[in-house]
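**Q** If you scroll down you'll find the structure; I have some questions about it.
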Amino acid sequence: MKNFGLDIWSNQNFIIEDGQIKLNYKCMPSILDITQKIRSNGVRGPMLLRFPHLIKRQISTLYSYFDKAIKDNSYEGTFNAVFPLKVNQFPHAVEAITSQGKKFNYGLEAGSKAELILAMSQTNLGAHITVNGFKDREMIILGFIAAQSGHNLTLTIEGLGELKTIIEVAKECDLKIPNIGIRVRLHSAGSGIWAKSGGMDAKFGLTATEIIEAVTLLSKEDMLNNLTMVHFHIGSQMSDIAPLKRALREAGNIYAELRMMGAKELNNINIGGGLAVEYDQHTHSTSRNYSIDEFSSSVVFLLGEIMNAKKVKHPNIFTESGRFIVASHAVLITPVLELFSQDYQEKLLNFKEVNPPILQELIELNNLLSNQNCIEYLHDALDHMESLLTLFDLGYIDLQDRSNAEILVHNIIKKSLYLKSGNPTDELEQLQVKLQERYLINASIFQSLPDYWGLKQHFPVMPIHHLNSTPLRAASLWDITCDSDGEIGFNPDKPLYLHDINLDEEEYFLGFFNVGAYQEALGMNHNLFTHPNEYTIKIDDDKYSITNEVESKNILDILESIGYNKKNILEKLKNDLLISDFITEKEKNDTLAKLETFVEQNGYLRTTN
Ligand SMILES: *Cc1c(COP(=O)(O)O)cnc(C)c1O
């Protein structure tokens with residue numbers, strides 16, 4: 001894995017220079033420099049860095065490819081995009097999208113009442129708002145209020161019940177009627193681990209029969225002209241483009257039929273999200289089999305072809321890409337607190353004057369190991385280790401002998417791996433699992449990488465410095481929750497190697513990349529670890545600035561957020577201490593002051609300097 005797969009996942013957003021990873025943009029700051037600047041103010045836990053220029057890059061990329069495809073195909077509709085809020089609702093992410101997207105009139109998509117209120121308050125007036133998901137009467141009235149307030153809003157109906165409510169509300173009040181969209185239930189399904197949004201048994205959308213019924217209902221109420229959009233979404237992180245093409249044919253034909261049935265104002269097809277992001281660090285193109293170029297030209301070409309055949313007006317194209325727009329903009333930085341298998345160092349060997357014969361043999365194997373014999377000696381060593389453990393269980397060998405043997409066998413495996421590093425055998429690769437170093441990271445996987453916990457989604461990870469030297473230690477990553485699921489194990493098929501760092505002398509920081517989509521919204525407060533400190537980094541030609549600090553919740557606030565009274569908690573702690581015996585008044589007061597500082601910090605560890 002050369003350069004941690006940077007050429008695979010980073011899309012040239014980052015480069016390695018002078019042993020550090022740097023932003024490949026304008027004054028090209030190194031992430032280490034940013035990290036240290038923030039830490040110089042006393043910050044110690046994990047940090048989430050946002051780079052708005054990377055959102056801008058994704059937005060411009062999306063538009064430029066679609067604009068090009070529209071030109072190339074003499075397509076007559078326009079291209080439009082909205083950002084689905086569920087992918088990242090956090091203020092500084094949304095702000096980056098609305099500000100960077102302003103010149104494209106970039107809109108927002110809402111899937112719940114809270115997201116709708118957020119969209120109404122954050123969208124630039126006139127930009128599109130699409131509303132998907134199940135809606136009650138109140139949510140539908142909110143849509144009317146938004147339309148009345150000047151928003152360009154489309155309520156996408158997921159079922160006929162919603163349409164009936166829209167018709168009722170329209171009759172009952174004089175508020176402006178929002179645009180109506182129909183989500184179609186496709187018979188073609190998506191692909192990839194998130195593909196549950198398509199297919200006959202899909203959770204969402206209207207069947208062919210229901211669509212016809214919707215048209216009848218709308219016509220009867222003289223509201224057919226409010227129908228403006230056909231919508232589908234086949235699931236996130238599409239790995240394969242074929243299902244999208246099938247979905248486009250299906251939805252395109254539905255659009256054309258609806259227009260021929262008299263829906264004169266039906267002008268838009270919304271193809272949902274699903275555009276994939278490369279998360280892989282080891283091999284190219286395992287996440288998706290298409291490029292953004294192929295994606296945009298397929299969409300435009302297919303829709304044009306269908307409409308030309310049916311002699312129907314080309315629809316405007318809408319996308320709701322979320323992951324593609326924001327994944328790359330956020331990087332999680334985690335300090336490494338400890339390396340956990342340093343106890344297998346040779347200097348800890350402590351032999352007796354007379355060692356048991358089996359240990360003596362291990363000593364010789366270790367001394368005589370060479371490129372020629374290492375596989376054979378390795379097998380012998382592993383064999384001896386088995387026997388030695390049996391002897392230990394039977395009481396023939398003591399703990400010191402066992403410790404010496406473990407260190408020697410680890411050393412033999414390590415040396416063999418090194419000797420054969422150009423051409424390791426399968427067996428050696430598997431043995432790395434035994435040798436893995438456990439890197440304790442000051443972060444919570446549950447909070448910051450929940451898709452790893454829930455779906456084993458891999459995120460690119462690498463040290464942000466020390467990149468001039470080759471990392472050799474097979475690494476697994478442990479977070480600081482006390483949950484055994486808070487671990488990213490070493491996988492011999494997709495190995496991660498990190499540096500051997502003496503943390504008493506140097507710092508070591510890991511960066512997790514492409515974490516800007518879904519992770520923050522899904523993150524959970526397991527063990528009461530909350531959102532890490534976050535910062536927005538604005539990069540100019542000659543300098544960069546660190547803005548929008550949002551601090552991680554302090555301990556009392558975390559407790560209050562789940563329903564405790566923080567005043568009562570602090571009182572109780574203080575009282576218990578005050579009435580305790582055997583310390584001086586001064587020590588009591590000093591301890592009280594300490595206690596007060598502790599509870600006003602966040603819960604991440606503060607062990608590194
Ligand atoms: C989740 C969702 C999206 C976003 O999908 P991405 O894969 O993140 O682009 C778009 N539209 C709808 C309706 C969704 O539910």
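Letters A, B, ... mark the chains of the structure tokens in the order given; residue numbers begin at 1 per chain; ligand numbers begin at 1, in order shown.
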Would you kindly return, as a ChimeraX atom specification, each protein, DNA or RNA residue with an atom no farther than 10 Å from any atom of A:Ile38, considering only C-alpha atoms and excluding same-chain residues fewer than 4 positions away?

**A** /A:32-34,42-44,47,533,535,546,549

**Q** Create the file for the chosen residues now, containing all heavy atoms and written as a PDB file, in the first residue's frame.

**A**
```
ATOM      1  N   LEU A  32      -0.463  18.612   9.622  1.00  0.00           N
ATOM      2  CA  LEU A  32       0.222  18.647  10.907  1.00  0.00           C
ATOM      3  C   LEU A  32       0.320  20.084  11.427  1.00  0.00           C
ATOM      4  O   LEU A  32       0.101  20.349  12.609  1.00  0.00           O
ATOM      5  CB  LEU A  32       1.630  18.051  10.774  1.00  0.00           C
ATOM      6  CG  LEU A  32       2.414  18.017  12.076  1.00  0.00           C
ATOM      7  CD1 LEU A  32       1.791  17.024  13.049  1.00  0.00           C
ATOM      8  CD2 LEU A  32       3.876  17.680  11.844  1.00  0.00           C
ATOM      9  N   ASP A  33       0.620  21.003  10.523  1.00  0.00           N
ATOM     10  CA  ASP A  33       0.727  22.405  10.920  1.00  0.00           C
ATOM     11  C   ASP A  33      -0.608  22.912  11.490  1.00  0.00           C
ATOM     12  O   ASP A  33      -0.653  23.550  12.540  1.00  0.00           O
ATOM     13  CB  ASP A  33       1.132  23.233   9.691  1.00  0.00           C
ATOM     14  CG  ASP A  33       1.576  24.625  10.084  1.00  0.00           C
ATOM     15  OD1 ASP A  33       2.594  24.718  10.798  1.00  0.00           O
ATOM     16  OD2 ASP A  33       0.893  25.594   9.711  1.00  0.00           O
ATOM     17  N   ILE A  34      -1.683  22.575  10.796  1.00  0.00           N
ATOM     18  CA  ILE A  34      -3.013  22.976  11.265  1.00  0.00           C
ATOM     19  C   ILE A  34      -3.287  22.351  12.632  1.00  0.00           C
ATOM     20  O   ILE A  34      -3.722  23.020  13.575  1.00  0.00           O
ATOM     21  CB  ILE A  34      -4.095  22.529  10.245  1.00  0.00           C
ATOM     22  CG1 ILE A  34      -3.867  23.212   8.900  1.00  0.00           C
ATOM     23  CG2 ILE A  34      -5.490  22.821  10.773  1.00  0.00           C
ATOM     24  CD1 ILE A  34      -4.702  22.647   7.757  1.00  0.00           C
ATOM     25  N   GLY A  42      -4.232  24.354  23.674  1.00  0.00           N
ATOM     26  CA  GLY A  42      -4.635  23.472  24.774  1.00  0.00           C
ATOM     27  C   GLY A  42      -5.612  22.376  24.380  1.00  0.00           C
ATOM     28  O   GLY A  42      -5.978  21.556  25.212  1.00  0.00           O
ATOM     29  N   VAL A  43      -6.021  22.354  23.102  1.00  0.00           N
ATOM     30  CA  VAL A  43      -6.952  21.313  22.671  1.00  0.00           C
ATOM     31  C   VAL A  43      -6.212  19.976  22.635  1.00  0.00           C
ATOM     32  O   VAL A  43      -5.077  19.904  22.182  1.00  0.00           O
ATOM     33  CB  VAL A  43      -7.500  21.649  21.267  1.00  0.00           C
ATOM     34  CG1 VAL A  43      -8.313  20.493  20.711  1.00  0.00           C
ATOM     35  CG2 VAL A  43      -8.335  22.923  21.332  1.00  0.00           C
ATOM     36  N   ARG A  44      -6.823  18.898  23.122  1.00  0.00           N
ATOM     37  CA  ARG A  44      -6.129  17.620  23.176  1.00  0.00           C
ATOM     38  C   ARG A  44      -6.847  16.449  22.492  1.00  0.00           C
ATOM     39  O   ARG A  44      -6.228  15.520  22.016  1.00  0.00           O
ATOM     40  CB  ARG A  44      -5.860  17.227  24.644  1.00  0.00           C
ATOM     41  CG  ARG A  44      -4.655  17.936  25.222  1.00  0.00           C
ATOM     42  CD  ARG A  44      -3.397  17.607  24.426  1.00  0.00           C
ATOM     43  NE  ARG A  44      -2.271  18.456  24.805  1.00  0.00           N
ATOM     44  CZ  ARG A  44      -1.980  19.596  24.200  1.00  0.00           C
ATOM     45  NH1 ARG A  44      -2.729  20.052  23.196  1.00  0.00           N
ATOM     46  NH2 ARG A  44      -0.947  20.316  24.582  1.00  0.00           N
ATOM     47  N   MET A  47     -10.039  15.899  16.540  1.00  0.00           N
ATOM     48  CA  MET A  47     -10.507  17.139  15.919  1.00  0.00           C
ATOM     49  C   MET A  47     -11.062  16.827  14.544  1.00  0.00           C
ATOM     50  O   MET A  47     -10.495  16.018  13.805  1.00  0.00           O
ATOM     51  CB  MET A  47      -9.335  18.094  15.725  1.00  0.00           C
ATOM     52  CG  MET A  47      -8.563  18.351  16.974  1.00  0.00           C
ATOM     53  SD  MET A  47      -7.264  19.535  16.701  1.00  0.00           S
ATOM     54  CE  MET A  47      -6.233  18.698  15.592  1.00  0.00           C
ATOM     55  N   ASN A 533     -14.023  18.307  18.863  1.00  0.00           N
ATOM     56  CA  ASN A 533     -13.878  19.717  18.479  1.00  0.00           C
ATOM     57  C   ASN A 533     -13.837  19.820  16.969  1.00  0.00           C
ATOM     58  O   ASN A 533     -13.231  18.972  16.321  1.00  0.00           O
ATOM     59  CB  ASN A 533     -12.537  20.257  18.998  1.00  0.00           C
ATOM     60  CG  ASN A 533     -12.614  20.695  20.438  1.00  0.00           C
ATOM     61  OD1 ASN A 533     -13.378  20.126  21.223  1.00  0.00           O
ATOM     62  ND2 ASN A 533     -11.845  21.698  20.782  1.00  0.00           N
ATOM     63  N   TYR A 535     -13.376  22.452  13.348  1.00  0.00           N
ATOM     64  CA  TYR A 535     -12.827  23.705  12.837  1.00  0.00           C
ATOM     65  C   TYR A 535     -13.049  23.769  11.338  1.00  0.00           C
ATOM     66  O   TYR A 535     -13.005  22.749  10.654  1.00  0.00           O
ATOM     67  CB  TYR A 535     -11.307  23.785  13.115  1.00  0.00           C
ATOM     68  CG  TYR A 535     -11.002  23.619  14.579  1.00  0.00           C
ATOM     69  CD1 TYR A 535     -10.836  22.343  15.126  1.00  0.00           C
ATOM     70  CD2 TYR A 535     -10.936  24.716  15.429  1.00  0.00           C
ATOM     71  CE1 TYR A 535     -10.612  22.171  16.481  1.00  0.00           C
ATOM     72  CE2 TYR A 535     -10.713  24.555  16.787  1.00  0.00           C
ATOM     73  CZ  TYR A 535     -10.551  23.282  17.310  1.00  0.00           C
ATOM     74  OH  TYR A 535     -10.338  23.108  18.652  1.00  0.00           O
ATOM     75  N   ILE A 546      -8.006  29.399  10.614  1.00  0.00           N
ATOM     76  CA  ILE A 546      -8.785  28.390  11.340  1.00  0.00           C
ATOM     77  C   ILE A 546      -9.988  29.105  11.937  1.00  0.00           C
ATOM     78  O   ILE A 546      -9.827  30.012  12.752  1.00  0.00           O
ATOM     79  CB  ILE A 546      -7.935  27.759  12.459  1.00  0.00           C
ATOM     80  CG1 ILE A 546      -6.710  27.078  11.848  1.00  0.00           C
ATOM     81  CG2 ILE A 546      -8.757  26.770  13.278  1.00  0.00           C
ATOM     82  CD1 ILE A 546      -5.680  26.610  12.856  1.00  0.00           C
ATOM     83  N   GLU A 549     -14.681  27.551  15.355  1.00  0.00           N
ATOM     84  CA  GLU A 549     -14.441  26.502  16.358  1.00  0.00           C
ATOM     85  C   GLU A 549     -15.768  26.097  17.020  1.00  0.00           C
ATOM     86  O   GLU A 549     -16.558  26.940  17.412  1.00  0.00           O
ATOM     87  CB  GLU A 549     -13.481  26.994  17.449  1.00  0.00           C
ATOM     88  CG  GLU A 549     -13.278  25.924  18.505  1.00  0.00           C
ATOM     89  CD  GLU A 549     -12.276  26.313  19.598  1.00  0.00           C
ATOM     90  OE1 GLU A 549     -12.289  27.465  20.053  1.00  0.00           O
ATOM     91  OE2 GLU A 549     -11.480  25.443  19.973  1.00  0.00           O
TER      92      GLU A 549
END
```

**Q** Neighbouring residues of A:Asn411 were defined as those with any atom within 8 Å, considering only C-alpha atoms; residues of the same chain fewer than 3 positions away were excluded. Please report them as a PyMOL selection string.

**A** chain A and resi 344-346+366+407-408+414-415

**Q** Using only C-alpha atoms and all ligand atoms, can you tell me which of A:Val215, A:Ala276, A:Leu266, A:Met139 comes closest to ligand 1?

**A**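 So, comparing all the options, the nearest one is A:Ala276.
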
**Q** Considering only strand (DSSP E or B) as DSSP defines it on the backbone, what residues of stretch 510-604 of chain A qualify? List them as a list in words.

**A**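 Reading the DSSP output for stretch 510-604 of chain A, strand (DSSP E or B) covers Leu510, Gly511, Phe512, Asn533, Glu534, Tyr535, Thr536, Ile537, Lys538, Ile539, Tyr544, Ser545, Ile546, Thr547, Asn548, Glu549 and Val550 of chain A.
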
**Q** For the contact check between chain A and ligand 1, emit one row per residue of chain A within 9 Å, containing the shortest atom pair and the distance in Å rounded to one decimal, counting only C-alpha atoms and all ligand atoms, chain then rising number order, as JSON lines.

**A**
```
{"residue": "A:Val82", "atom": "CA", "partner": "ligand 1", "partner_atom_place_in_ligand_line": "10 (C)", "distance": 8.8}
{"residue": "A:Phe83", "atom": "CA", "partner": "ligand 1", "partner_atom_place_in_ligand_line": "10 (C)", "distance": 7.7}
{"residue": "A:Pro84", "atom": "CA", "partner": "ligand 1", "partner_atom_place_in_ligand_line": "10 (C)", "distance": 5.6}
{"residue": "A:Leu85", "atom": "CA", "partner": "ligand 1", "partner_atom_place_in_ligand_line": "4 (C)", "distance": 8.4}
{"residue": "A:Lys86", "atom": "CA", "partner": "ligand 1", "partner_atom_place_in_ligand_line": "1 (C)", "distance": 6.6}
{"residue": "A:Val87", "atom": "CA", "partner": "ligand 1", "partner_atom_place_in_ligand_line": "8 (O)", "distance": 5.9}
{"residue": "A:Glu109", "atom": "CA", "partner": "ligand 1", "partner_atom_place_in_ligand_line": "11 (N)", "distance": 7.5}
{"residue": "A:Ala110", "atom": "CA", "partner": "ligand 1", "partner_atom_place_in_ligand_line": "13 (C)", "distance": 8.7}
{"residue": "A:Gly111", "atom": "CA", "partner": "ligand 1", "partner_atom_place_in_ligand_line": "15 (O)", "distance": 7.3}
{"residue": "A:Val131", "atom": "CA", "partner": "ligand 1", "partner_atom_place_in_ligand_line": "13 (C)", "distance": 8.5}
{"residue": "A:Asn132", "atom": "CA", "partner": "ligand 1", "partner_atom_place_in_ligand_line": "13 (C)", "distance": 5.9}
{"residue": "A:Gly133", "atom": "CA", "partner": "ligand 1", "partner_atom_place_in_ligand_line": "13 (C)", "distance": 7.3}
{"residue": "A:Arg183", "atom": "CA", "partner": "ligand 1", "partner_atom_place_in_ligand_line": "13 (C)", "distance": 8.9}
{"residue": "A:Trp194", "atom": "CA", "partner": "ligand 1", "partner_atom_place_in_ligand_line": "7 (O)", "distance": 8.3}
{"residue": "A:Ser197", "atom": "CA", "partner": "ligand 1", "partner_atom_place_in_ligand_line": "15 (O)", "distance": 7.9}
{"residue": "A:His231", "atom": "CA", "partner": "ligand 1", "partner_atom_place_in_ligand_line": "13 (C)", "distance": 8.2}
{"residue": "A:Phe232", "atom": "CA", "partner": "ligand 1", "partner_atom_place_in_ligand_line": "13 (C)", "distance": 7.1}
{"residue": "A:His233", "atom": "CA", "partner": "ligand 1", "partner_atom_place_in_ligand_line": "13 (C)", "distance": 5.4}
{"residue": "A:Ile234", "atom": "CA", "partner": "ligand 1", "partner_atom_place_in_ligand_line": "12 (C)", "distance": 8.3}
{"residue": "A:Gly235", "atom": "CA", "partner": "ligand 1", "partner_atom_place_in_ligand_line": "7 (O)", "distance": 6.1}
{"residue": "A:Ser236", "atom": "CA", "partner": "ligand 1", "partner_atom_place_in_ligand_line": "7 (O)", "distance": 3.3}
{"residue": "A:Gln237", "atom": "CA", "partner": "ligand 1", "partner_atom_place_in_ligand_line": "7 (O)", "distance": 5.1}
{"residue": "A:Met238", "atom": "CA", "partner": "ligand 1", "partner_atom_place_in_ligand_line": "7 (O)", "distance": 7.4}
{"residue": "A:Asn270", "atom": "CA", "partner": "ligand 1", "partner_atom_place_in_ligand_line": "11 (N)", "distance": 8.8}
{"residue": "A:Ile271", "atom": "CA", "partner": "ligand 1", "partner_atom_place_in_ligand_line": "11 (N)", "distance": 8.0}
{"residue": "A:Gly272", "atom": "CA", "partner": "ligand 1", "partner_atom_place_in_ligand_line": "11 (N)", "distance": 4.2}
{"residue": "A:Gly273", "atom": "CA", "partner": "ligand 1", "partner_atom_place_in_ligand_line": "9 (O)", "distance": 3.4}
{"residue": "A:Gly274", "atom": "CA", "partner": "ligand 1", "partner_atom_place_in_ligand_line": "7 (O)", "distance": 3.4}
{"residue": "A:Leu275", "atom": "CA", "partner": "ligand 1", "partner_atom_place_in_ligand_line": "9 (O)", "distance": 5.4}
{"residue": "A:Ala276", "atom": "CA", "partner": "ligand 1", "partner_atom_place_in_ligand_line": "7 (O)", "distance": 6.7}
{"residue": "A:Val277", "atom": "CA", "partner": "ligand 1", "partner_atom_place_in_ligand_line": "7 (O)", "distance": 8.9}
{"residue": "A:Thr319", "atom": "CA", "partner": "ligand 1", "partner_atom_place_in_ligand_line": "10 (C)", "distance": 7.6}
{"residue": "A:Glu320", "atom": "CA", "partner": "ligand 1", "partner_atom_place_in_ligand_line": "10 (C)", "distance": 4.5}
{"residue": "A:Ser321", "atom": "CA", "partner": "ligand 1", "partner_atom_place_in_ligand_line": "9 (O)", "distance": 3.4}
{"residue": "A:Gly322", "atom": "CA", "partner": "ligand 1", "partner_atom_place_in_ligand_line": "8 (O)", "distance": 3.6}
{"residue": "A:Arg323", "atom": "CA", "partner": "ligand 1", "partner_atom_place_in_ligand_line": "8 (O)", "distance": 3.8}
{"residue": "A:Phe324", "atom": "CA", "partner": "ligand 1", "partner_atom_place_in_ligand_line": "9 (O)", "distance": 6.0}
{"residue": "A:Ile325", "atom": "CA", "partner": "ligand 1", "partner_atom_place_in_ligand_line": "9 (O)", "distance": 7.7}
{"residue": "A:Val326", "atom": "CA", "partner": "ligand 1", "partner_atom_place_in_ligand_line": "8 (O)", "distance": 8.7}
{"residue": "A:Ala327", "atom": "CA", "partner": "ligand 1", "partner_atom_place_in_ligand_line": "8 (O)", "distance": 8.8}
{"residue": "A:Ala517", "atom": "CA", "partner": "ligand 1", "partner_atom_place_in_ligand_line": "8 (O)", "distance": 7.1}
{"residue": "A:Tyr518", "atom": "CA", "partner": "ligand 1", "partner_atom_place_in_ligand_line": "8 (O)", "distance": 7.8}
```

**Q** Any chance you could export the current selection's N, CA and C atoms as a tab-separated table (two decimals), in the first residue's frame?

**A**
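To be explicit, this is the file written out as out34.tsv:
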```tsv
chain	number	residue	atom	x	y	z
A	82	VAL	N	-29.68	19.64	-5.51
A	82	VAL	CA	-30.00	19.98	-4.12
A	82	VAL	C	-29.17	19.06	-3.23
A	83	PHE	N	-28.88	19.54	-2.04
A	83	PHE	CA	-28.09	18.74	-1.10
A	83	PHE	C	-29.01	18.11	-0.06
A	84	PRO	N	-28.98	16.77	0.06
A	84	PRO	CA	-29.84	16.10	1.04
A	84	PRO	C	-29.30	16.31	2.46
A	85	LEU	N	-30.08	16.98	3.28
A	85	LEU	CA	-29.59	17.37	4.61
A	85	LEU	C	-29.24	16.19	5.49
A	86	LYS	N	-29.88	15.03	5.27
A	86	LYS	CA	-29.59	13.92	6.17
A	86	LYS	C	-28.11	13.49	6.12
A	87	VAL	N	-27.43	13.87	5.04
A	87	VAL	CA	-26.03	13.47	4.88
A	87	VAL	C	-25.10	14.27	5.81
A	109	GLU	N	-32.36	19.42	0.26
A	109	GLU	CA	-33.40	18.40	0.31
A	109	GLU	C	-33.68	18.08	1.77
A	110	ALA	N	-34.97	17.95	2.11
A	110	ALA	CA	-35.34	17.66	3.49
A	110	ALA	C	-36.12	16.36	3.54
A	111	GLY	N	-35.86	15.55	4.57
A	111	GLY	CA	-36.55	14.28	4.69
A	111	GLY	C	-37.33	14.16	5.99
A	131	VAL	N	-38.68	17.92	-0.85
A	131	VAL	CA	-39.06	17.30	0.42
A	131	VAL	C	-39.46	15.85	0.16
A	132	ASN	N	-38.67	14.93	0.68
A	132	ASN	CA	-38.95	13.51	0.49
A	132	ASN	C	-39.30	12.86	1.82
A	133	GLY	N	-39.60	11.60	1.79
A	133	GLY	CA	-39.87	10.87	3.03
A	133	GLY	C	-41.34	10.96	3.41
A	183	ARG	N	-42.72	10.28	-6.27
A	183	ARG	CA	-41.63	9.31	-6.21
A	183	ARG	C	-42.13	8.01	-6.80
A	194	TRP	N	-25.88	-0.11	0.45
A	194	TRP	CA	-26.94	0.79	0.88
A	194	TRP	C	-28.18	0.74	-0.03
A	197	SER	N	-33.39	1.17	-1.60
A	197	SER	CA	-34.40	2.16	-1.95
A	197	SER	C	-35.12	1.86	-3.26
A	231	HIS	N	-39.56	11.64	-9.33
A	231	HIS	CA	-38.38	11.44	-8.49
A	231	HIS	C	-38.11	9.96	-8.25
A	232	PHE	N	-36.82	9.60	-8.22
A	232	PHE	CA	-36.46	8.27	-7.72
A	232	PHE	C	-35.09	8.37	-7.05
A	233	HIS	N	-34.78	7.37	-6.26
A	233	HIS	CA	-33.47	7.32	-5.60
A	233	HIS	C	-33.19	5.84	-5.36
A	234	ILE	N	-32.13	5.33	-5.97
A	234	ILE	CA	-31.95	3.87	-5.88
A	234	ILE	C	-30.99	3.44	-4.79
A	235	GLY	N	-30.60	4.33	-3.90
A	235	GLY	CA	-29.74	3.92	-2.79
A	235	GLY	C	-28.39	4.58	-2.88
A	236	SER	N	-27.70	4.61	-1.76
A	236	SER	CA	-26.45	5.35	-1.67
A	236	SER	C	-25.27	4.51	-2.15
A	237	GLN	N	-24.17	5.21	-2.47
A	237	GLN	CA	-22.89	4.56	-2.82
A	237	GLN	C	-23.10	3.46	-3.87
A	238	MET	N	-23.73	3.87	-5.00
A	238	MET	CA	-23.96	2.92	-6.11
A	238	MET	C	-22.63	2.39	-6.59
A	270	ASN	N	-35.94	14.03	-11.08
A	270	ASN	CA	-34.98	14.06	-9.99
A	270	ASN	C	-34.42	12.64	-9.80
A	271	ILE	N	-33.12	12.50	-10.05
A	271	ILE	CA	-32.54	11.16	-10.05
A	271	ILE	C	-31.95	10.76	-8.69
A	272	GLY	N	-32.26	11.55	-7.65
A	272	GLY	CA	-31.82	11.18	-6.30
A	272	GLY	C	-30.31	11.28	-6.15
A	273	GLY	N	-29.77	10.54	-5.19
A	273	GLY	CA	-28.32	10.58	-4.93
A	273	GLY	C	-27.69	9.29	-5.40
A	274	GLY	N	-26.72	8.81	-4.66
A	274	GLY	CA	-26.14	7.50	-4.97
A	274	GLY	C	-24.76	7.56	-5.59
A	275	LEU	N	-24.36	8.72	-6.06
A	275	LEU	CA	-23.04	8.86	-6.68
A	275	LEU	C	-21.98	8.46	-5.64
A	276	ALA	N	-21.12	7.52	-6.02
A	276	ALA	CA	-20.24	6.89	-5.02
A	276	ALA	C	-18.95	7.66	-4.79
A	277	VAL	N	-18.36	7.39	-3.65
A	277	VAL	CA	-17.09	7.98	-3.25
A	277	VAL	C	-16.07	6.85	-3.12
A	319	THR	N	-30.31	16.43	-9.31
A	319	THR	CA	-29.69	15.36	-8.50
A	319	THR	C	-29.75	15.76	-7.04
A	320	GLU	N	-29.68	14.73	-6.21
A	320	GLU	CA	-29.63	14.92	-4.76
A	320	GLU	C	-28.40	14.23	-4.20
A	321	SER	N	-27.27	14.42	-4.86
A	321	SER	CA	-26.05	13.78	-4.37
A	321	SER	C	-25.64	14.37	-3.03
A	322	GLY	N	-25.40	13.50	-2.09
A	322	GLY	CA	-24.99	13.96	-0.77
A	322	GLY	C	-23.56	13.54	-0.49
A	323	ARG	N	-23.37	12.25	-0.43
A	323	ARG	CA	-22.05	11.67	-0.16
A	323	ARG	C	-20.98	12.26	-1.08
A	324	PHE	N	-21.28	12.31	-2.36
A	324	PHE	CA	-20.30	12.80	-3.34
A	324	PHE	C	-19.90	14.25	-3.05
A	325	ILE	N	-20.86	15.04	-2.57
A	325	ILE	CA	-20.58	16.46	-2.36
A	325	ILE	C	-19.76	16.70	-1.09
A	326	VAL	N	-20.07	15.99	-0.01
A	326	VAL	CA	-19.44	16.36	1.26
A	326	VAL	C	-18.43	15.38	1.86
A	327	ALA	N	-18.37	14.15	1.34
A	327	ALA	CA	-17.50	13.16	2.00
A	327	ALA	C	-16.07	13.69	2.16
A	517	ALA	N	-19.44	12.67	5.07
A	517	ALA	CA	-20.82	12.29	4.75
A	517	ALA	C	-21.34	11.29	5.77
A	518	TYR	N	-22.47	11.56	6.32
A	518	TYR	CA	-23.22	10.66	7.22
A	518	TYR	C	-22.60	10.46	8.60
```

**Q** Write down as number ranges by chain the residues of stretch 322-515 of chain A whose backbone DSSP state falls under alpha helix (DSSP H).

**A** A: 323-326, 357-368, 374-393, 399-419, 426-435, 445-448, 450-455

**Q** Work out how far atom CA of A:Asn367 is from atom CA of A:Phe392, in Å to one decimal.

**A**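 Computed distance, atom CA of A:Phe392 to atom CA of A:Asn367, equals 23.6 Å.
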
**Q** Select, from A:Gly161, A:Lys71, A:Ile464, A:Arg246, the residue with the minimum atom-to-atom distance to A:Phe513, counting only C-alpha atoms.

**A**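 So, comparing all the options, the nearest one is A:Ile464.
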
**Q** Ranking A:Leu217, A:Leu592, A:Val336, A:Met223 by minimum distance to A:Ala475 and counting only C-alpha atoms, which one comes first?

**A**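 Smallest separation from A:Ala475 among the options: A:Val336.
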
**Q** Counting only C-alpha atoms, figure out which residue out of A:Ser469, A:Ser328, A:Gln432, A:Thr130 gets nearest to A:Val515.

**A** A:Ser328

**Q** Could you tell me which of A:Asn73, A:Leu175, A:Ser149, A:Glu138 comes closest to A:Glu162 if we count only C-alpha atoms?

**A**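 Nearest to A:Glu162: A:Glu138.
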
**Q** Skipping near chain neighbours, those fewer than 6 positions away, what residues fall within 10 Å of A:Ser370 using only C-alpha atoms, listed as a PDB file with N, CA and C atoms, in the first residue's frame?

**A**
```pdb
ATOM      1  N   TYR A 377      13.054 -22.091  10.094  1.00  0.00           N
ATOM      2  CA  TYR A 377      13.242 -21.743  11.503  1.00  0.00           C
ATOM      3  C   TYR A 377      11.964 -21.193  12.110  1.00  0.00           C
ATOM      4  N   LYS A 415      11.484 -10.711  12.293  1.00  0.00           N
ATOM      5  CA  LYS A 415      12.679 -10.756  11.431  1.00  0.00           C
ATOM      6  C   LYS A 415      12.364 -11.465  10.114  1.00  0.00           C
ATOM      7  N   SER A 416      11.623 -12.573  10.184  1.00  0.00           N
ATOM      8  CA  SER A 416      11.290 -13.302   8.958  1.00  0.00           C
ATOM      9  C   SER A 416      10.488 -12.414   8.013  1.00  0.00           C
ATOM     10  N   LEU A 419      12.886 -10.097   6.482  1.00  0.00           N
ATOM     11  CA  LEU A 419      13.746 -10.756   5.501  1.00  0.00           C
ATOM     12  C   LEU A 419      13.002 -11.072   4.212  1.00  0.00           C
TER      13      LEU A 419
END
```

**Q** Could you check which of A:Ile180, A:Cys173, A:His526, A:Leu391 is closest to A:Trp453, using only C-alpha atoms?

**A** A:His526

**Q** Counting only C-alpha atoms, give me one row per residue of stretch 448-487 of chain A with an atom at most 12 Å from an atom of stretch 331-334 of chain A, showing the shortest contact pair and its distance in Å to one decimal, sorted by chain then residue number, as a tab-separated table.

**A**
```
residue	atom	partner	partner_atom	distance
A:Ser448	CA	A:Leu332	CA	7.8
A:Leu449	CA	A:Leu332	CA	9.3
A:Phe459	CA	A:Val331	CA	10.4
A:Pro460	CA	A:Val331	CA	10.0
A:Val461	CA	A:Leu332	CA	9.3
A:Met462	CA	A:Ile333	CA	9.9
A:Pro463	CA	A:Ile333	CA	9.3
A:Ile464	CA	A:Ile333	CA	8.6
A:His465	CA	A:Ile333	CA	11.7
A:Leu477	CA	A:Thr334	CA	10.8
A:Trp478	CA	A:Thr334	CA	11.3
A:Asp479	CA	A:Thr334	CA	9.6
A:Ile480	CA	A:Thr334	CA	11.1
```
